[in-house]
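Content type compact mmCIF, C-alpha atoms, from the file input_12.txt:
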```txt
# COMPACT_ATOMS: atom_id res chain seq x y z
CA MET A 82 71.97 118.50 65.92
CA VAL A 83 72.18 114.77 65.30
CA ASP A 84 75.75 114.18 64.14
CA LYS A 85 75.99 116.95 61.50
CA ALA A 86 72.28 117.02 60.64
CA LYS A 87 70.06 119.74 62.06
CA VAL A 88 66.78 118.75 63.70
CA VAL A 89 64.05 120.84 62.04
CA VAL A 90 60.88 119.22 63.44
CA THR A 91 60.61 117.32 66.72
CA ASP A 92 58.35 114.88 68.54
CA ILE A 93 56.04 113.63 65.79
CA LYS A 94 54.12 110.95 67.65
CA CYS A 95 53.10 107.64 66.13
CA SER A 96 51.64 104.42 67.53
CA ASN A 97 54.99 102.70 67.98
CA GLY A 98 57.41 105.54 68.62
CA VAL A 99 58.37 109.10 67.77
CA ILE A 100 59.83 110.83 64.69
CA HIS A 101 62.20 113.79 64.51
CA VAL A 102 62.83 115.41 61.12
CA ILE A 103 66.43 116.25 60.10
CA ASP A 104 67.73 118.30 57.17
CA SER A 105 70.25 115.83 55.77
CA VAL A 106 70.87 112.11 55.47
CA ILE A 107 73.10 110.57 58.17
CA LEU A 108 75.51 108.00 56.77
CA PRO A 109 76.99 105.19 58.89
CA VAL A 110 80.51 105.81 60.20
CA SER A 111 83.02 104.10 57.91
CA ASP A 112 86.34 104.84 59.65
CA ASN A 113 87.67 102.35 62.20
CA ILE A 114 89.21 103.39 65.52
CA PRO A 115 92.77 104.09 64.28
CA ALA A 116 91.49 106.00 61.23
CA THR A 117 89.10 108.02 63.38
CA ALA A 118 91.96 108.91 65.73
CA VAL A 119 94.15 110.01 62.83
CA LYS A 120 91.41 112.22 61.35
CA ALA A 121 90.71 113.84 64.71
CA GLY A 122 94.21 115.34 64.67
CA THR A 123 94.49 115.47 68.48
CA PHE A 124 95.84 111.96 69.01
CA LYS A 125 99.17 112.13 67.15
CA THR A 126 101.19 110.70 70.04
CA LEU A 127 98.64 107.96 70.67
CA VAL A 128 98.61 107.00 66.99
CA ALA A 129 102.43 106.88 66.92
CA ALA A 130 102.42 104.69 70.03
CA VAL A 131 99.80 102.32 68.58
CA LYS A 132 101.89 101.93 65.41
CA ALA A 133 105.10 101.37 67.38
CA ALA A 134 103.41 98.72 69.54
CA GLY A 135 102.01 96.90 66.50
CA LEU A 136 98.41 97.32 67.63
CA VAL A 137 96.90 98.95 64.53
CA ASP A 138 95.43 95.67 63.25
CA ALA A 139 94.11 94.75 66.69
CA LEU A 140 92.22 98.06 66.87
CA SER A 141 90.98 97.82 63.27
CA GLY A 142 89.14 94.50 63.41
CA ASP A 143 85.41 93.79 63.37
CA LYS A 144 85.23 93.05 67.09
CA PRO A 145 83.74 96.15 68.79
CA LEU A 146 86.03 97.97 71.21
CA THR A 147 85.94 101.02 73.44
CA VAL A 148 89.07 103.16 73.71
CA PHE A 149 89.75 105.70 76.43
CA ALA A 150 92.09 107.82 74.35
CA PRO A 151 94.65 110.18 75.93
CA SER A 152 94.97 113.40 73.94
CA ASP A 153 98.33 114.80 72.85
CA GLU A 154 98.13 117.15 75.84
CA ALA A 155 97.72 114.13 78.12
CA PHE A 156 100.91 112.53 76.79
CA ALA A 157 102.71 115.87 77.12
CA ARG A 158 101.98 115.83 80.87
CA LEU A 159 104.10 112.70 81.36
CA PRO A 160 107.62 113.25 82.77
CA GLU A 161 110.06 114.46 80.14
CA GLY A 162 111.53 111.61 78.10
CA THR A 163 108.83 109.07 79.06
CA VAL A 164 107.23 108.85 75.61
CA ALA A 165 110.59 108.67 73.82
CA SER A 166 111.67 105.88 76.16
CA LEU A 167 108.46 103.88 75.67
CA LEU A 168 108.80 104.10 71.88
CA LYS A 169 112.21 102.38 71.97
CA PRO A 170 112.17 98.79 70.64
CA GLU A 171 113.34 97.33 73.97
CA ASN A 172 110.32 98.85 75.75
CA ILE A 173 107.63 97.85 73.28
CA ASP A 174 106.13 95.19 75.56
CA GLN A 175 105.66 97.78 78.31
CA LEU A 176 104.16 100.23 75.80
CA LYS A 177 101.75 97.57 74.55
CA GLN A 178 100.52 96.84 78.07
CA ILE A 179 99.96 100.55 78.73
CA LEU A 180 97.97 100.98 75.52
CA LEU A 181 95.86 97.85 76.09
CA TYR A 182 95.03 99.20 79.55
CA HIS A 183 93.06 101.92 77.70
CA VAL A 184 90.92 99.43 75.72
CA VAL A 185 87.72 97.66 76.80
CA GLU A 186 85.81 95.02 74.86
CA GLY A 187 82.45 96.04 73.38
CA ARG A 188 80.94 99.34 72.33
CA VAL A 189 80.50 101.03 75.71
CA TYR A 190 78.89 104.48 75.56
CA SER A 191 79.35 107.04 78.31
CA ASP A 192 75.99 106.45 80.03
CA GLN A 193 76.66 102.70 80.11
CA ALA A 194 80.21 103.22 81.41
CA LEU A 195 79.03 105.27 84.38
CA LYS A 196 76.59 102.53 85.33
CA LEU A 197 79.29 99.88 85.18
CA LYS A 198 81.60 101.67 87.66
CA GLU A 199 84.46 99.42 86.55
CA ALA A 200 85.51 97.63 83.38
CA PRO A 201 88.09 94.92 82.56
CA THR A 202 90.67 95.99 79.98
CA LEU A 203 92.54 94.05 77.31
CA ALA A 204 95.64 94.37 79.51
CA GLY A 205 93.94 92.19 82.11
CA SER A 206 93.57 94.91 84.76
CA THR A 207 90.36 96.74 85.65
CA LEU A 208 89.54 100.43 85.20
CA LYS A 209 87.51 102.30 87.80
CA ILE A 210 84.76 104.57 86.43
CA SER A 211 83.23 107.28 88.60
CA ALA A 212 81.06 110.38 88.43
CA ARG A 213 82.14 113.29 90.64
CA LYS A 214 81.27 116.94 91.07
CA LYS A 215 84.04 117.91 88.65
CA GLY A 216 82.97 115.44 85.97
CA ALA A 217 83.35 111.78 84.99
CA PHE A 218 86.63 109.99 85.60
CA ILE A 219 88.44 106.86 84.48
CA ASN A 220 90.70 106.09 87.43
CA LYS A 221 92.10 109.59 88.07
CA SER A 222 91.82 110.74 84.46
CA LYS A 223 88.96 113.05 83.52
CA LEU A 224 86.75 112.35 80.53
CA THR A 225 86.86 115.43 78.29
CA ALA A 226 84.95 114.24 75.19
CA LEU A 227 82.51 111.36 74.89
CA ASP A 228 81.04 108.88 72.43
CA ILE A 229 83.14 109.51 69.32
CA GLU A 230 81.80 106.92 66.90
CA ALA A 231 83.99 104.60 64.84
CA SER A 232 82.93 101.74 62.59
CA ASN A 233 84.24 99.17 65.06
CA GLY A 234 83.72 100.92 68.37
CA VAL A 235 83.66 104.14 70.30
CA ILE A 236 86.31 106.55 71.60
CA HIS A 237 86.19 108.59 74.79
CA VAL A 238 88.88 111.25 75.31
CA ILE A 239 90.74 111.47 78.63
CA ASP A 240 93.13 114.10 79.97
CA ALA A 241 95.84 111.81 81.40
CA VAL A 242 97.61 108.62 80.36
CA LEU A 243 96.46 105.61 82.38
CA MET A 244 99.20 103.42 83.89
CA PRO A 245 98.44 99.73 84.60
CA PRO A 246 98.75 98.74 88.26
CA ALA A 247 102.04 97.10 89.15
CA LYS A 248 102.05 93.33 89.11
CA LYS A 249 101.52 91.92 92.59
CA VAL A 250 104.69 90.42 94.07
CA SER A 251 103.96 87.60 96.52
CA LYS A 252 106.06 86.94 99.61
CA ALA A 253 107.47 83.84 97.92
CA ASP A 254 108.39 85.82 94.79
CA ALA A 255 110.06 88.54 96.89
CA LYS A 256 112.06 85.89 98.76
CA VAL A 257 113.28 84.36 95.49
CA THR A 258 114.15 87.82 94.12
CA ILE A 259 116.27 88.61 97.18
CA HIS A 260 117.99 85.22 97.03
CA HIS A 261 118.96 85.76 93.38
CA ALA A 262 120.08 89.33 94.11
CA VAL A 263 122.36 88.23 96.94
CA THR A 264 123.85 85.43 94.83
CA ARG A 265 124.56 87.82 91.96
CA GLY A 266 125.79 90.58 94.26
CA THR A 267 128.20 88.22 96.04
CA ASP A 268 129.76 87.23 92.71
CA LEU A 269 130.17 90.90 91.74
CA TYR A 270 131.67 91.87 95.10
CA ASN A 271 134.11 88.95 95.21
CA SER A 272 135.32 89.72 91.68
CA GLY A 273 136.14 93.30 92.70
CA HIS A 274 133.05 95.02 91.23
CA LYS A 275 131.87 96.66 94.46
CA GLU A 276 130.09 99.54 92.73
CA ALA A 277 128.13 97.15 90.50
CA CYS A 278 127.29 95.04 93.55
CA ALA A 279 125.95 98.03 95.48
CA LEU A 280 123.91 99.18 92.48
CA HIS A 281 122.47 95.69 91.99
CA TYR A 282 121.43 95.43 95.64
CA MET A 283 119.90 98.92 95.69
CA THR A 284 118.05 98.40 92.41
CA THR A 285 116.59 95.12 93.68
CA ALA A 286 115.44 96.62 96.98
CA ASN A 287 113.99 99.70 95.30
CA SER A 288 112.12 97.56 92.76
CA LEU A 289 110.58 95.46 95.53
CA LEU A 290 109.58 98.51 97.57
CA ASP A 291 107.97 100.17 94.54
CA SER A 292 106.06 97.05 93.51
CA ASN A 293 102.57 95.99 94.53
CA HIS A 294 104.11 93.58 97.03
CA GLU A 295 102.90 91.32 99.83
CA MET A 296 106.05 91.51 101.93
CA PRO A 297 105.62 91.59 105.73
CA ALA A 298 105.89 95.08 107.23
CA HIS A 299 109.05 94.16 109.17
CA ALA A 300 110.77 93.01 105.98
CA VAL A 301 109.79 96.27 104.29
CA ARG A 302 111.31 98.29 107.15
CA HIS A 303 114.60 96.41 106.82
CA LEU A 304 114.79 97.26 103.12
CA GLN A 305 113.76 100.89 103.65
CA THR A 306 116.34 101.39 106.41
CA ALA A 307 119.08 99.81 104.32
CA MET A 308 118.22 102.04 101.37
CA GLN A 309 118.28 105.18 103.53
CA HIS A 310 121.71 104.34 104.97
CA ALA A 311 123.13 103.28 101.61
CA GLN A 312 121.96 106.49 99.94
CA ALA A 313 123.59 108.53 102.71
CA THR A 314 127.10 107.47 101.64
CA SER A 315 129.02 107.44 98.37
CA CYS A 316 131.30 104.55 99.41
CA SER A 317 130.39 101.53 97.29
CA ASP A 318 131.90 99.12 99.82
CA ALA A 319 129.74 100.55 102.62
CA GLN A 320 126.70 100.57 100.34
CA SER A 321 127.25 96.92 99.43
CA TRP A 322 127.46 95.73 103.02
CA THR A 323 124.60 97.95 104.20
CA MET A 324 122.32 96.62 101.48
CA ARG A 325 123.49 93.04 102.00
CA ARG A 326 122.59 93.20 105.69
CA GLY A 327 119.19 94.73 104.85
CA LEU A 328 118.43 92.11 102.21
CA ASP A 329 119.51 89.29 104.51
CA ALA A 330 117.33 90.63 107.33
CA ALA A 331 114.29 90.95 105.03
CA TYR A 332 114.92 87.43 103.71
CA ARG A 333 115.01 85.98 107.25
CA VAL A 334 111.71 87.71 108.10
CA MET A 335 110.03 86.26 105.01
CA MET A 336 111.45 82.78 105.66
CA ALA A 337 109.94 82.85 109.15
CA ASP A 338 106.67 84.30 107.84
CA ILE A 339 106.32 81.65 105.12
CA ARG A 340 106.88 78.87 107.62
```
Spell out the structure here as structure tokens.
Amino acid sequence: MVDKAKVVVTDIKCSNGVIHVIDSVILPVSDNIPATAVKAGTFKTLVAAVKAAGLVDALSGDKPLTVFAPSDEAFARLPEGTVASLLKPENIDQLKQILLYHVVEGRVYSDQALKLKEAPTLAGSTLKISARKKGAFINKSKLTALDIEASNGVIHVIDAVLMPPAKKVSKADAKVTIHHAVTRGTDLYNSGHKEACALHYMTTANSLLDSNHEMPAHAVRHLQTAMQHAQATSCSDAQSWTMRRGLDAAYRVMMADIR
């Protein structure tokens, strides 16, 4: 088969090529990427996300694009509540970045993709493309269907939602973050809001530890130890002071390291 046409005669040789005979006329694809996804019926969550993020026009233009499209089953594998949270208006920027991380400029077919081994996305980060014994993969997501034509590009189906890598946090940025956290936490503590202070300190430390950071190992250990001790008690006063000492220690390490 070629698209929906059956090949009835093959390999008719001629001086400048070869002819294969098919039993029906193949018409050019007229649906753009969003329309193709809607008609497929297996990308309902993706289509809803694209609409919520305001990306329908961006994916409908004349500029050719390649989309690595998570199926509905792929979205269903995310932790419960993730999709609902991303669709909220306050999280639209995050949703947009996630969706753009699935889009590459140009019409890149599967054979070309495997030769590239990596591709820059519209989110600014790069996807890794690999062929393994179990199939072809985009990062850790397996390609399950390939080369779905659209008028302005091509769609490849993947079995997991791709998450952009965390933004790299430099040592200088981490130092500034800790300084601001301590300033804010001190105000909360001194005004009697010890629970809010402890939560602010713990949230800051946890965010730094989870980020793609460049903090010195010794600073990281100070934050990790403080978090472990703070989580071992329910006393907000003890949590506040434990975290404050950990943040101060990490800050001193980074000050010395920057110098």
Provide the atom CA of A:Ser191 to atom CA of A:Gly205 distance in Å, to one decimal place.
-> 21.2 Å
If we count all atoms listed in the file, what is near stretch 132-138 of chain A at a cut-off of 9 Å, once residues fewer than 3 positions away on the same chain are taken out, given as a PyMOL selection string?
-> chain A and resi 114-115+127-129+141-142+168-170+173-174+176-177+180-181
Residues near A:Met283, cut-off 12 Å, only C-alpha atoms, skip fewer than 5 positions along chain, as a compact mmCIF listing (two decimals) with C-alpha atoms, in the coordinates of the input:
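Listed below is the output, selection_2.txt:
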```txt
# COMPACT_ATOMS: atom_id res chain seq x y z
CA ILE A 259 116.27 88.61 97.18
CA ALA A 262 120.08 89.33 94.11
CA VAL A 263 122.36 88.23 96.94
CA GLY A 266 125.79 90.58 94.26
CA GLU A 276 130.09 99.54 92.73
CA ALA A 277 128.13 97.15 90.50
CA CYS A 278 127.29 95.04 93.55
CA SER A 288 112.12 97.56 92.76
CA LEU A 289 110.58 95.46 95.53
CA LEU A 290 109.58 98.51 97.57
CA LEU A 304 114.79 97.26 103.12
CA GLN A 305 113.76 100.89 103.65
CA THR A 306 116.34 101.39 106.41
CA ALA A 307 119.08 99.81 104.32
CA MET A 308 118.22 102.04 101.37
CA GLN A 309 118.28 105.18 103.53
CA HIS A 310 121.71 104.34 104.97
CA ALA A 311 123.13 103.28 101.61
CA GLN A 312 121.96 106.49 99.94
CA SER A 317 130.39 101.53 97.29
CA GLN A 320 126.70 100.57 100.34
CA SER A 321 127.25 96.92 99.43
CA TRP A 322 127.46 95.73 103.02
CA THR A 323 124.60 97.95 104.20
CA MET A 324 122.32 96.62 101.48
CA ARG A 325 123.49 93.04 102.00
CA ARG A 326 122.59 93.20 105.69
CA GLY A 327 119.19 94.73 104.85
CA LEU A 328 118.43 92.11 102.21
```
Determine, counting all atoms listed in the file, which protein, DNA and RNA residues have an atom within 8 Å of an atom of stretch 208-213 of chain A; residues of the same chain fewer than 4 positions away are not included. Present the result as a compact mmCIF listing (two decimals) with C-alpha atoms, keeping the file's coordinate frame.
```txt
# COMPACT_ATOMS: atom_id res chain seq x y z
CA TYR A 182 95.03 99.20 79.55
CA ALA A 194 80.21 103.22 81.41
CA LEU A 195 79.03 105.27 84.38
CA LEU A 197 79.29 99.88 85.18
CA LYS A 198 81.60 101.67 87.66
CA GLU A 199 84.46 99.42 86.55
CA ALA A 200 85.51 97.63 83.38
CA PRO A 201 88.09 94.92 82.56
CA THR A 202 90.67 95.99 79.98
CA ALA A 217 83.35 111.78 84.99
CA PHE A 218 86.63 109.99 85.60
CA ILE A 219 88.44 106.86 84.48
CA ASN A 220 90.70 106.09 87.43
```
Nearest candidate to A:Ala330 (options A:His294, A:Thr91, A:Glu186, A:Lys256; using all atoms listed in the file) |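 Of the candidates, the smallest distance to A:Ala330 is held by A:Lys256.
Among the candidates A:Ala241, A:Asp84, A:Val102, A:Pro145, the one nearest to A:Pro160 when counting only C-alpha atoms is A:Ala241.
Coordinates place atom CA of A:Leu159 at a distance of 28.3 Å from atom CA of A:Tyr282.
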Distance of atom CA of A:Ala279 from atom CA of A:Ser315, expressed in Å to one decimal place |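 If I compute the distance from atom CA of A:Ser315 to atom CA of A:Ala279, I get 10.3 Å.
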For A:Thr225, which residue out of A:Ala204, A:Gly273, A:Pro151, A:His281 is the nearest one, using all atoms listed in the file?
-> A:Pro151
Among the residues A:Lys144, A:Lys125, A:Lys196, A:Lys214, the one that comes closest to A:Phe156 [using only C-alpha atoms] =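 Of the candidates, the smallest distance to A:Phe156 is held by A:Lys125.
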Name all residues at most 10 Å from A:Val89 (count only C-alpha atoms; drop same-chain ones fewer than 3 positions away) and give them as an MDAnalysis selection string.
-> chainID A and resid 82 86 101:104
May I ask which of the residues A:Val83, A:Ala231, A:Leu203, A:Val189 is the closest one to A:Ala116, counting only C-alpha atoms?
->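 Counting only C-alpha atoms, the residue closest to A:Ala116 is A:Ala231.
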Exercise on stretch 229-237 of chain A, axis-aligned box with 8 Å per side, report centre and edge lengths in Å to one decimal, as JSON:
```
{"center_x": 84.1, "center_y": 104.3, "center_z": 68.7, "size_x": 20.5, "size_y": 26.3, "size_z": 28.2}
```
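Using all atoms listed in the file, the shortest contact distance between A:Asp329 and any of A:Val238, A:Cys316, A:Ala300, A:Ala226 is found at A:Ala300.
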For the point (107.5, 87.9, 102.4) in file coordinates, what residues are within 10 Å, counting all atoms listed in the file? Give the answer as an MDAnalysis selection string?
-> chainID A and resid 250:257 294:301 331:339
